[in-house]
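Chemist: Have a peek at run_22.cif (mmCIF, C-alpha atoms).
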```cif
data_data
loop_
_atom_site.label_atom_id
_atom_site.label_comp_id
_atom_site.auth_asym_id
_atom_site.auth_seq_id
_atom_site.Cartn_x
_atom_site.Cartn_y
_atom_site.Cartn_z
CA MET A 1 6.09 -4.58 14.84
CA ASN A 2 5.20 -8.21 14.04
CA HIS A 3 3.77 -10.03 17.07
CA SER A 4 2.86 -13.22 15.18
CA VAL A 5 3.97 -16.63 16.45
CA VAL A 6 2.30 -18.38 13.49
CA THR A 7 4.77 -18.90 10.63
CA GLU A 8 2.24 -20.17 8.07
CA PHE A 9 -1.49 -20.47 7.48
CA ILE A 10 -3.56 -23.33 6.07
CA ILE A 11 -6.02 -22.18 3.38
CA LEU A 12 -9.11 -24.41 3.18
CA GLY A 13 -10.23 -23.05 -0.22
CA LEU A 14 -13.74 -22.86 -1.62
CA THR A 15 -14.81 -26.37 -0.67
CA LYS A 16 -13.69 -29.25 1.52
CA LYS A 17 -15.14 -31.85 -0.89
CA PRO A 18 -12.32 -33.58 -2.87
CA GLU A 19 -14.64 -34.60 -5.72
CA LEU A 20 -15.32 -30.92 -6.53
CA GLN A 21 -11.67 -29.80 -6.59
CA GLY A 22 -11.17 -30.65 -10.29
CA ILE A 23 -14.31 -28.79 -11.38
CA ILE A 24 -13.40 -25.75 -9.26
CA PHE A 25 -9.85 -25.73 -10.64
CA LEU A 26 -11.06 -25.79 -14.27
CA PHE A 27 -13.77 -23.19 -13.67
CA PHE A 28 -11.47 -20.66 -11.97
CA LEU A 29 -8.64 -21.32 -14.43
CA ILE A 30 -10.99 -20.33 -17.26
CA ILE A 31 -12.18 -17.25 -15.34
CA TYR A 32 -8.60 -16.21 -14.64
CA LEU A 33 -7.50 -16.66 -18.26
CA VAL A 34 -10.53 -14.70 -19.54
CA ALA A 35 -9.91 -11.88 -17.05
CA PHE A 36 -6.14 -11.80 -17.61
CA LEU A 37 -6.21 -12.01 -21.42
CA GLY A 38 -9.15 -9.60 -21.72
CA ASN A 39 -7.49 -6.95 -19.57
CA MET A 40 -4.08 -7.52 -21.17
CA LEU A 41 -5.66 -7.01 -24.61
CA ILE A 42 -7.06 -3.67 -23.44
CA ILE A 43 -3.65 -2.59 -22.12
CA ILE A 44 -1.87 -3.47 -25.38
CA ALA A 45 -4.57 -1.87 -27.55
CA ILE A 46 -4.52 1.42 -25.64
CA ILE A 47 -0.71 1.66 -25.39
CA SER A 48 -0.17 0.86 -29.08
CA ASN A 49 -2.84 3.25 -30.45
CA ASN A 50 -2.19 7.00 -30.19
CA THR A 51 -5.87 7.74 -30.85
CA LEU A 52 -6.71 6.05 -27.53
CA HIS A 53 -4.34 8.23 -25.49
CA THR A 54 -7.23 10.22 -23.97
CA PRO A 55 -8.37 10.43 -20.30
CA MET A 56 -11.21 7.92 -20.73
CA TYR A 57 -8.93 5.24 -22.17
CA ILE A 58 -6.10 5.99 -19.75
CA PHE A 59 -8.59 5.33 -16.91
CA LEU A 60 -9.65 2.09 -18.66
CA LEU A 61 -6.00 1.08 -18.97
CA THR A 62 -5.48 1.73 -15.26
CA LEU A 63 -8.59 -0.30 -14.42
CA ALA A 64 -7.26 -3.20 -16.51
CA VAL A 65 -3.92 -3.09 -14.66
CA VAL A 66 -5.72 -3.05 -11.29
CA ASP A 67 -7.90 -6.01 -12.31
CA ILE A 68 -4.84 -8.02 -13.38
CA ILE A 69 -3.11 -7.31 -10.05
CA CYS A 70 -6.30 -8.20 -8.14
CA THR A 71 -6.83 -11.56 -9.84
CA THR A 72 -3.12 -12.46 -10.01
CA SER A 73 -2.66 -11.83 -6.28
CA ILE A 74 -5.37 -14.41 -5.53
CA ILE A 75 -6.13 -16.97 -8.24
CA PRO A 76 -2.71 -18.53 -9.10
CA LYS A 77 -2.13 -19.42 -5.43
CA MET A 78 -5.73 -20.62 -5.15
CA LEU A 79 -5.33 -22.83 -8.24
CA GLY A 80 -2.12 -24.30 -6.83
CA THR A 81 -3.88 -25.03 -3.54
CA THR A 82 -6.81 -26.66 -5.36
CA LEU A 83 -4.65 -28.82 -7.63
CA THR A 84 -2.10 -30.02 -5.06
CA SER A 85 -2.10 -30.96 -1.40
CA GLU A 86 0.12 -27.92 -0.69
CA ASN A 87 -2.54 -25.73 0.94
CA THR A 88 -0.28 -23.61 3.15
CA ILE A 89 0.87 -20.02 2.75
CA SER A 90 3.64 -18.36 4.75
CA TYR A 91 2.87 -15.50 7.10
CA ALA A 92 4.83 -13.12 4.85
CA GLY A 93 3.05 -14.46 1.77
CA CYS A 94 -0.32 -14.01 3.45
CA VAL A 95 0.47 -10.41 4.43
CA SER A 96 1.71 -9.66 0.89
CA GLN A 97 -1.45 -11.12 -0.63
CA LEU A 98 -3.56 -9.04 1.75
CA PHE A 99 -1.64 -5.86 0.85
CA PHE A 100 -1.98 -6.25 -2.93
CA PHE A 101 -5.61 -7.32 -2.75
CA THR A 102 -6.54 -4.43 -0.43
CA TRP A 103 -4.65 -2.04 -2.72
CA SER A 104 -6.54 -3.24 -5.80
CA LEU A 105 -9.84 -3.10 -3.90
CA GLY A 106 -9.31 0.56 -2.92
CA ALA A 107 -7.95 1.51 -6.35
CA GLU A 108 -10.89 -0.04 -8.18
CA MET A 109 -13.49 1.74 -6.04
CA VAL A 110 -11.89 5.17 -6.50
CA LEU A 111 -11.34 4.44 -10.21
CA PHE A 112 -15.04 3.70 -10.73
CA THR A 113 -15.83 7.13 -9.24
CA THR A 114 -13.15 8.82 -11.36
CA MET A 115 -14.42 7.15 -14.54
CA ALA A 116 -18.01 8.15 -13.72
CA TYR A 117 -16.86 11.77 -13.25
CA ASP A 118 -15.03 11.63 -16.59
CA ARG A 119 -18.20 10.45 -18.36
CA TYR A 120 -20.25 13.08 -16.50
CA VAL A 121 -18.00 15.86 -17.83
CA ALA A 122 -17.95 14.35 -21.34
CA ILE A 123 -21.75 14.05 -21.60
CA CYS A 124 -22.92 17.05 -19.57
CA PHE A 125 -20.19 19.51 -20.66
CA PRO A 126 -19.02 18.25 -24.08
CA LEU A 127 -17.76 21.64 -25.27
CA HIS A 128 -15.60 22.08 -22.16
CA TYR A 129 -14.44 18.46 -21.84
CA SER A 130 -10.95 18.93 -23.30
CA THR A 131 -10.42 21.99 -21.10
CA ILE A 132 -11.60 20.35 -17.88
CA MET A 133 -10.15 16.87 -18.44
CA ASN A 134 -6.73 18.04 -19.61
CA HIS A 135 -3.40 16.28 -19.05
CA HIS A 136 -2.87 17.86 -15.62
CA MET A 137 -6.35 16.89 -14.40
CA CYS A 138 -5.86 13.31 -15.64
CA VAL A 139 -2.52 13.01 -13.82
CA ALA A 140 -4.01 14.55 -10.66
CA LEU A 141 -6.97 12.14 -10.64
CA LEU A 142 -4.76 9.08 -11.20
CA SER A 143 -2.35 10.28 -8.49
CA MET A 144 -5.30 10.61 -6.12
CA VAL A 145 -6.44 7.07 -6.97
CA MET A 146 -2.99 5.63 -6.26
CA ALA A 147 -2.47 7.68 -3.08
CA ILE A 148 -5.82 6.61 -1.59
CA ALA A 149 -5.30 2.97 -2.57
CA VAL A 150 -1.75 2.75 -1.16
CA THR A 151 -2.70 4.57 2.07
CA ASN A 152 -5.75 2.35 2.59
CA SER A 153 -3.71 -0.81 1.98
CA TRP A 154 -0.76 0.22 4.17
CA VAL A 155 -3.04 1.14 7.09
CA HIS A 156 -4.97 -2.14 7.08
CA THR A 157 -1.86 -4.28 6.51
CA ALA A 158 0.02 -2.49 9.30
CA PHE A 159 -2.84 -3.05 11.75
CA ILE A 160 -3.01 -6.74 10.79
CA MET A 161 0.73 -7.09 11.44
CA ARG A 162 0.23 -5.73 14.97
CA LEU A 163 -2.07 -8.65 15.83
CA THR A 164 -0.95 -11.85 17.51
CA PHE A 165 -1.68 -15.12 15.71
CA CYS A 166 -1.01 -17.97 18.13
CA GLY A 167 -3.28 -20.64 16.66
CA PRO A 168 -5.41 -22.04 15.15
CA ASN A 169 -3.89 -21.12 11.80
CA THR A 170 -6.59 -22.44 9.44
CA ILE A 171 -8.11 -19.80 7.12
CA ASP A 172 -11.63 -20.82 6.08
CA HIS A 173 -11.36 -18.93 2.80
CA PHE A 174 -9.65 -19.19 -0.60
CA PHE A 175 -7.15 -16.38 0.11
CA CYS A 176 -5.86 -14.11 2.88
CA GLU A 177 -8.56 -11.49 3.33
CA MET A 178 -9.23 -9.24 6.30
CA PRO A 179 -12.33 -10.93 7.84
CA PRO A 180 -10.91 -14.47 8.17
CA LEU A 181 -7.59 -13.12 9.49
CA LEU A 182 -9.36 -11.06 12.15
CA ALA A 183 -11.31 -14.17 13.15
CA LEU A 184 -8.00 -16.00 13.81
CA SER A 185 -6.40 -13.27 15.93
CA CYS A 186 -5.56 -14.05 19.55
CA SER A 187 -5.40 -10.35 20.39
CA PRO A 188 -8.25 -7.77 20.40
CA VAL A 189 -9.35 -6.71 16.90
CA ARG A 190 -11.60 -3.79 17.87
CA ILE A 191 -9.29 -1.16 16.35
CA ASN A 192 -9.01 -3.20 13.14
CA GLU A 193 -12.79 -3.48 12.88
CA VAL A 194 -13.19 0.27 13.42
CA MET A 195 -10.62 1.00 10.68
CA VAL A 196 -12.35 -1.44 8.30
CA TYR A 197 -15.71 0.17 9.13
CA VAL A 198 -14.34 3.67 8.49
CA ALA A 199 -12.81 2.56 5.17
CA ASP A 200 -16.10 0.90 4.17
CA ILE A 201 -18.07 4.07 4.92
CA THR A 202 -15.65 6.47 3.20
CA LEU A 203 -14.36 4.35 0.31
CA ALA A 204 -17.13 1.87 -0.49
CA ILE A 205 -20.31 3.75 0.44
CA GLY A 206 -18.81 7.20 -0.25
CA ASP A 207 -17.50 6.28 -3.70
CA PHE A 208 -20.70 4.41 -4.53
CA ILE A 209 -22.80 7.51 -3.73
CA LEU A 210 -20.50 9.79 -5.77
CA THR A 211 -20.59 7.34 -8.69
CA CYS A 212 -24.40 7.16 -8.57
CA ILE A 213 -24.64 10.97 -8.46
CA SER A 214 -22.48 11.23 -11.59
CA TYR A 215 -24.62 8.66 -13.39
CA GLY A 216 -27.74 10.47 -12.17
CA PHE A 217 -26.61 13.64 -13.97
CA ILE A 218 -25.67 11.53 -17.00
CA ILE A 219 -29.17 9.99 -17.14
CA VAL A 220 -30.75 13.46 -16.97
CA ALA A 221 -28.53 14.54 -19.87
CA ILE A 222 -29.48 11.39 -21.83
CA LEU A 223 -33.19 12.16 -21.39
CA ARG A 224 -32.58 15.42 -23.27
CA ILE A 225 -31.34 13.55 -26.35
CA ARG A 226 -33.99 13.94 -29.03
CA THR A 227 -33.42 10.82 -31.12
CA VAL A 228 -34.85 7.53 -29.87
CA GLU A 229 -31.84 5.56 -31.18
CA GLY A 230 -29.44 7.92 -29.39
CA LYS A 231 -31.32 7.49 -26.11
CA ARG A 232 -31.41 3.72 -26.50
CA LYS A 233 -27.66 3.41 -27.05
CA ALA A 234 -26.83 5.81 -24.21
CA PHE A 235 -29.16 4.06 -21.76
CA SER A 236 -27.77 0.65 -22.78
CA THR A 237 -24.20 1.76 -22.05
CA CYS A 238 -25.17 3.55 -18.83
CA SER A 239 -27.18 0.60 -17.50
CA SER A 240 -24.35 -1.89 -18.18
CA HIS A 241 -21.88 0.37 -16.35
CA LEU A 242 -24.22 0.74 -13.38
CA THR A 243 -24.77 -3.03 -13.25
CA VAL A 244 -21.02 -3.65 -12.90
CA VAL A 245 -20.73 -0.89 -10.28
CA ILE A 246 -23.58 -2.36 -8.20
CA LEU A 247 -22.18 -5.90 -8.58
CA TYR A 248 -18.86 -4.63 -7.22
CA TYR A 249 -19.89 -2.26 -4.43
CA SER A 250 -22.76 -4.31 -2.95
CA PRO A 251 -20.71 -7.36 -1.85
CA VAL A 252 -17.79 -5.14 -0.74
CA ILE A 253 -20.07 -3.08 1.53
CA TYR A 254 -21.80 -6.26 2.78
CA THR A 255 -18.48 -7.98 3.57
CA TYR A 256 -16.68 -5.17 5.37
CA ILE A 257 -19.50 -3.39 7.22
CA ARG A 258 -19.90 -6.22 9.79
CA PRO A 259 -17.81 -7.22 12.81
CA ALA A 260 -15.53 -10.27 12.42
CA SER A 261 -17.66 -12.37 14.77
CA SER A 262 -20.66 -12.24 12.40
CA TYR A 263 -18.94 -13.76 9.34
CA THR A 264 -20.24 -17.05 7.96
CA PHE A 265 -17.43 -18.09 5.64
CA GLU A 266 -19.27 -20.78 3.66
CA ARG A 267 -21.77 -18.19 2.42
CA ASP A 268 -19.37 -15.24 2.31
CA LYS A 269 -16.91 -17.03 0.00
CA VAL A 270 -19.52 -16.81 -2.77
CA VAL A 271 -20.12 -13.12 -2.02
CA VAL A 272 -16.38 -12.37 -2.10
CA ALA A 273 -16.05 -14.16 -5.45
CA LEU A 274 -18.29 -11.47 -6.99
CA TYR A 275 -15.79 -8.64 -6.48
CA THR A 276 -12.57 -10.66 -6.68
CA LEU A 277 -13.34 -12.77 -9.78
CA VAL A 278 -16.58 -11.83 -11.53
CA THR A 279 -16.11 -8.04 -11.79
CA PRO A 280 -12.52 -8.16 -13.17
CA THR A 281 -13.82 -10.56 -15.84
CA LEU A 282 -16.82 -8.38 -16.72
CA ASN A 283 -14.98 -5.02 -16.77
CA PRO A 284 -13.32 -5.51 -20.19
CA MET A 285 -16.61 -6.62 -21.76
CA VAL A 286 -18.69 -3.79 -20.28
CA TYR A 287 -16.28 -0.84 -20.38
CA SER A 288 -14.18 -1.58 -23.45
CA PHE A 289 -15.31 -4.26 -25.88
CA GLN A 290 -18.63 -2.47 -26.56
CA ASN A 291 -16.78 0.73 -27.50
CA ARG A 292 -16.22 1.34 -31.24
CA GLU A 293 -12.84 3.08 -30.83
CA MET A 294 -11.70 0.28 -28.54
CA GLN A 295 -12.87 -2.36 -31.02
CA GLU A 296 -10.88 -0.61 -33.75
CA GLY A 297 -7.81 -0.53 -31.50
CA ILE A 298 -8.15 -4.26 -30.77
CA ARG A 299 -8.51 -5.02 -34.50
CA LYS A 300 -5.24 -3.16 -35.13
CA VAL A 301 -3.54 -5.32 -32.48
CA PHE A 302 -4.75 -8.54 -34.12
CA ALA A 303 -3.79 -7.21 -37.57
CA PHE A 304 -0.28 -6.48 -36.29
CA LEU A 305 -0.01 -9.99 -34.77
CA LYS A 306 -1.03 -11.58 -38.09
CA HIS A 307 1.83 -9.86 -39.86
#
```
Taking this structure as input, can you express it in the form of structure tokens?
Modeler:
Amino acid sequence: MNHSVVTEFIILGLTKKPELQGIIFLFFLIIYLVAFLGNMLIIIAIISNNTLHTPMYIFLLTLAVVDIICTTSIIPKMLGTTLTSENTISYAGCVSQLFFFTWSLGAEMVLFTTMAYDRYVAICFPLHYSTIMNHHMCVALLSMVMAIAVTNSWVHTAFIMRLTFCGPNTIDHFFCEMPPLLALSCSPVRINEVMVYVADITLAIGDFILTCISYGFIIVAILRIRTVEGKRKAFSTCSSHLTVVILYYSPVIYTYIRPASSYTFERDKVVVALYTLVTPTLNPMVYSFQNREMQEGIRKVFAFLKH
């Protein structure tokens, strides 16, 4: 049941300084276009190339879709707020933004773990890869990702909707995220904080540990490669993947592990930008554009567009 008496929220954005609004708008417009076009290119390349219809690329396609939903649920509204004086968002709009962002957050974390497991099987059990990662396993893993993400998002959104927002209605953030909303609540948020803490432990820290374990086994397998060039390429790929994973999980764990009363929004906005803007932009470059098969698929897309 919705106990809110606030019909809209005022979003302050990244800065209160008018002279910086133009620079911020241009910067985040470029980031959004790079993230959107990069991920869209991956989606088109994988869908249009039958050779890329394998578990690894299906997971990459899903990651690209999640990244587009994540950035699109936040940045267009943020750009509109930055460019115009219309810095309000309706209660329903705020709840919707929270739902889609929380969904993409959960989906991305479980996807990273799933992709790490896929690479673990491919590198550590190459002869059994096609047997283990068959069509049924791929569908089961993706279904698990979606089920966990939707459940996580529904639970947090439902608990937010049970809170009373009676004023003030100013969100010191650039979108409707859990911490600033909890800080505005007129009713107790202890249950919400417990649920956020549980999700952070199970999803963020749990998935991060599982992902690191998979990469640990992968590194051991890489060390057994006899050729120096083979080791170098494998380590380069592995290290870039781990860098993105750490860049994503670290700020998520930092943001959600603390009670609402301890948030300092001026500093935390920068931290949040890492997993809402930076990672979706880096994912295509790290996971796809360095891959030879993916590069060939992208070339085919551009060749088709030329004709």
Chemist: Between CA of His156 in chain A and CA of Ile31 in chain A, what is the distance in Å, rounded to a tenth?
Modeler: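 That distance, rounded to one decimal, is 28.0 Å.
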Chemist: Choose the residue, out of A:Ile148, A:Val220, A:Leu83, A:Pro280, that has the smallest atom-to-atom separation from Ile68 in chain A; count all atoms listed in the file.
Modeler: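 Answer, going by the shortest atom-to-atom distance: A:Pro280.
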Chemist: Mind working out the centre and edge lengths of an axis-aligned box for range 279-288 of chain A, all listed atoms inside, 3 Å added to each side, rounded to one decimal in Å and written as lines of an AutoDock Vina configuration file?
Modeler:
```
center_x = -15.6
center_y = -5.7
center_z = -17.6
size_x = 12.2
size_y = 15.7
size_z = 17.7
```
Chemist: Report as a compact mmCIF listing (two decimals) with C-alpha atoms, in the frame of the given file all protein, DNA and RNA residues lying within 8 Å of Leu52 in chain A, evaluated on only C-alpha atoms, omitting residues in the same chain fewer than 3 positions from it.
Modeler:
```txt
# COMPACT_ATOMS: atom_id res chain seq x y z
CA ILE A 46 -4.52 1.42 -25.64
CA ILE A 47 -0.71 1.66 -25.39
CA ASN A 49 -2.84 3.25 -30.45
CA TYR A 57 -8.93 5.24 -22.17
CA ILE A 58 -6.10 5.99 -19.75
CA GLU A 293 -12.84 3.08 -30.83
CA MET A 294 -11.70 0.28 -28.54
CA GLY A 297 -7.81 -0.53 -31.50
```
Chemist: Which residues would end up in the selection if the PyMOL selection byres ((chain A and resi 166) around 8) were applied here, given that I need the answer as a list in words?
Modeler: Ser4, Val5, Val6, Thr164, Phe165, Gly167, Pro168, Asn169, Ser185 and Cys186 of chain A
Chemist: Neighbouring residues of range 198-214 of chain A were defined as those with any atom within 8 Å, considering all atoms listed in the file; residues of the same chain fewer than 5 positions away were excluded. Please report them as number ranges by chain.
Modeler: A: 106, 109-110, 112-113, 116-117, 120, 152, 245, 249, 252-253, 256-257
Chemist: Could you check the closest approach to Cys176 in chain A for each of A:Ile11, A:Ala107, A:Leu142, A:Leu20 and tell me which residue wins, using only C-alpha atoms?
Modeler: A:Ile11
Chemist: If you count all atoms listed in the file, which residues fall within 12 Å of Thr243 in chain A, apart from same-chain ones fewer than 3 positions away, as a list in words?
Modeler: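 These residues fall inside the cut-off: Cys212, Tyr215, Phe235, Ser236, Thr237, Cys238, Ser239, Ser240, Ile246, Leu247, Tyr248, Tyr249, Ser250, Thr279, Leu282, Asn283, Val286 and Tyr287 of chain A.
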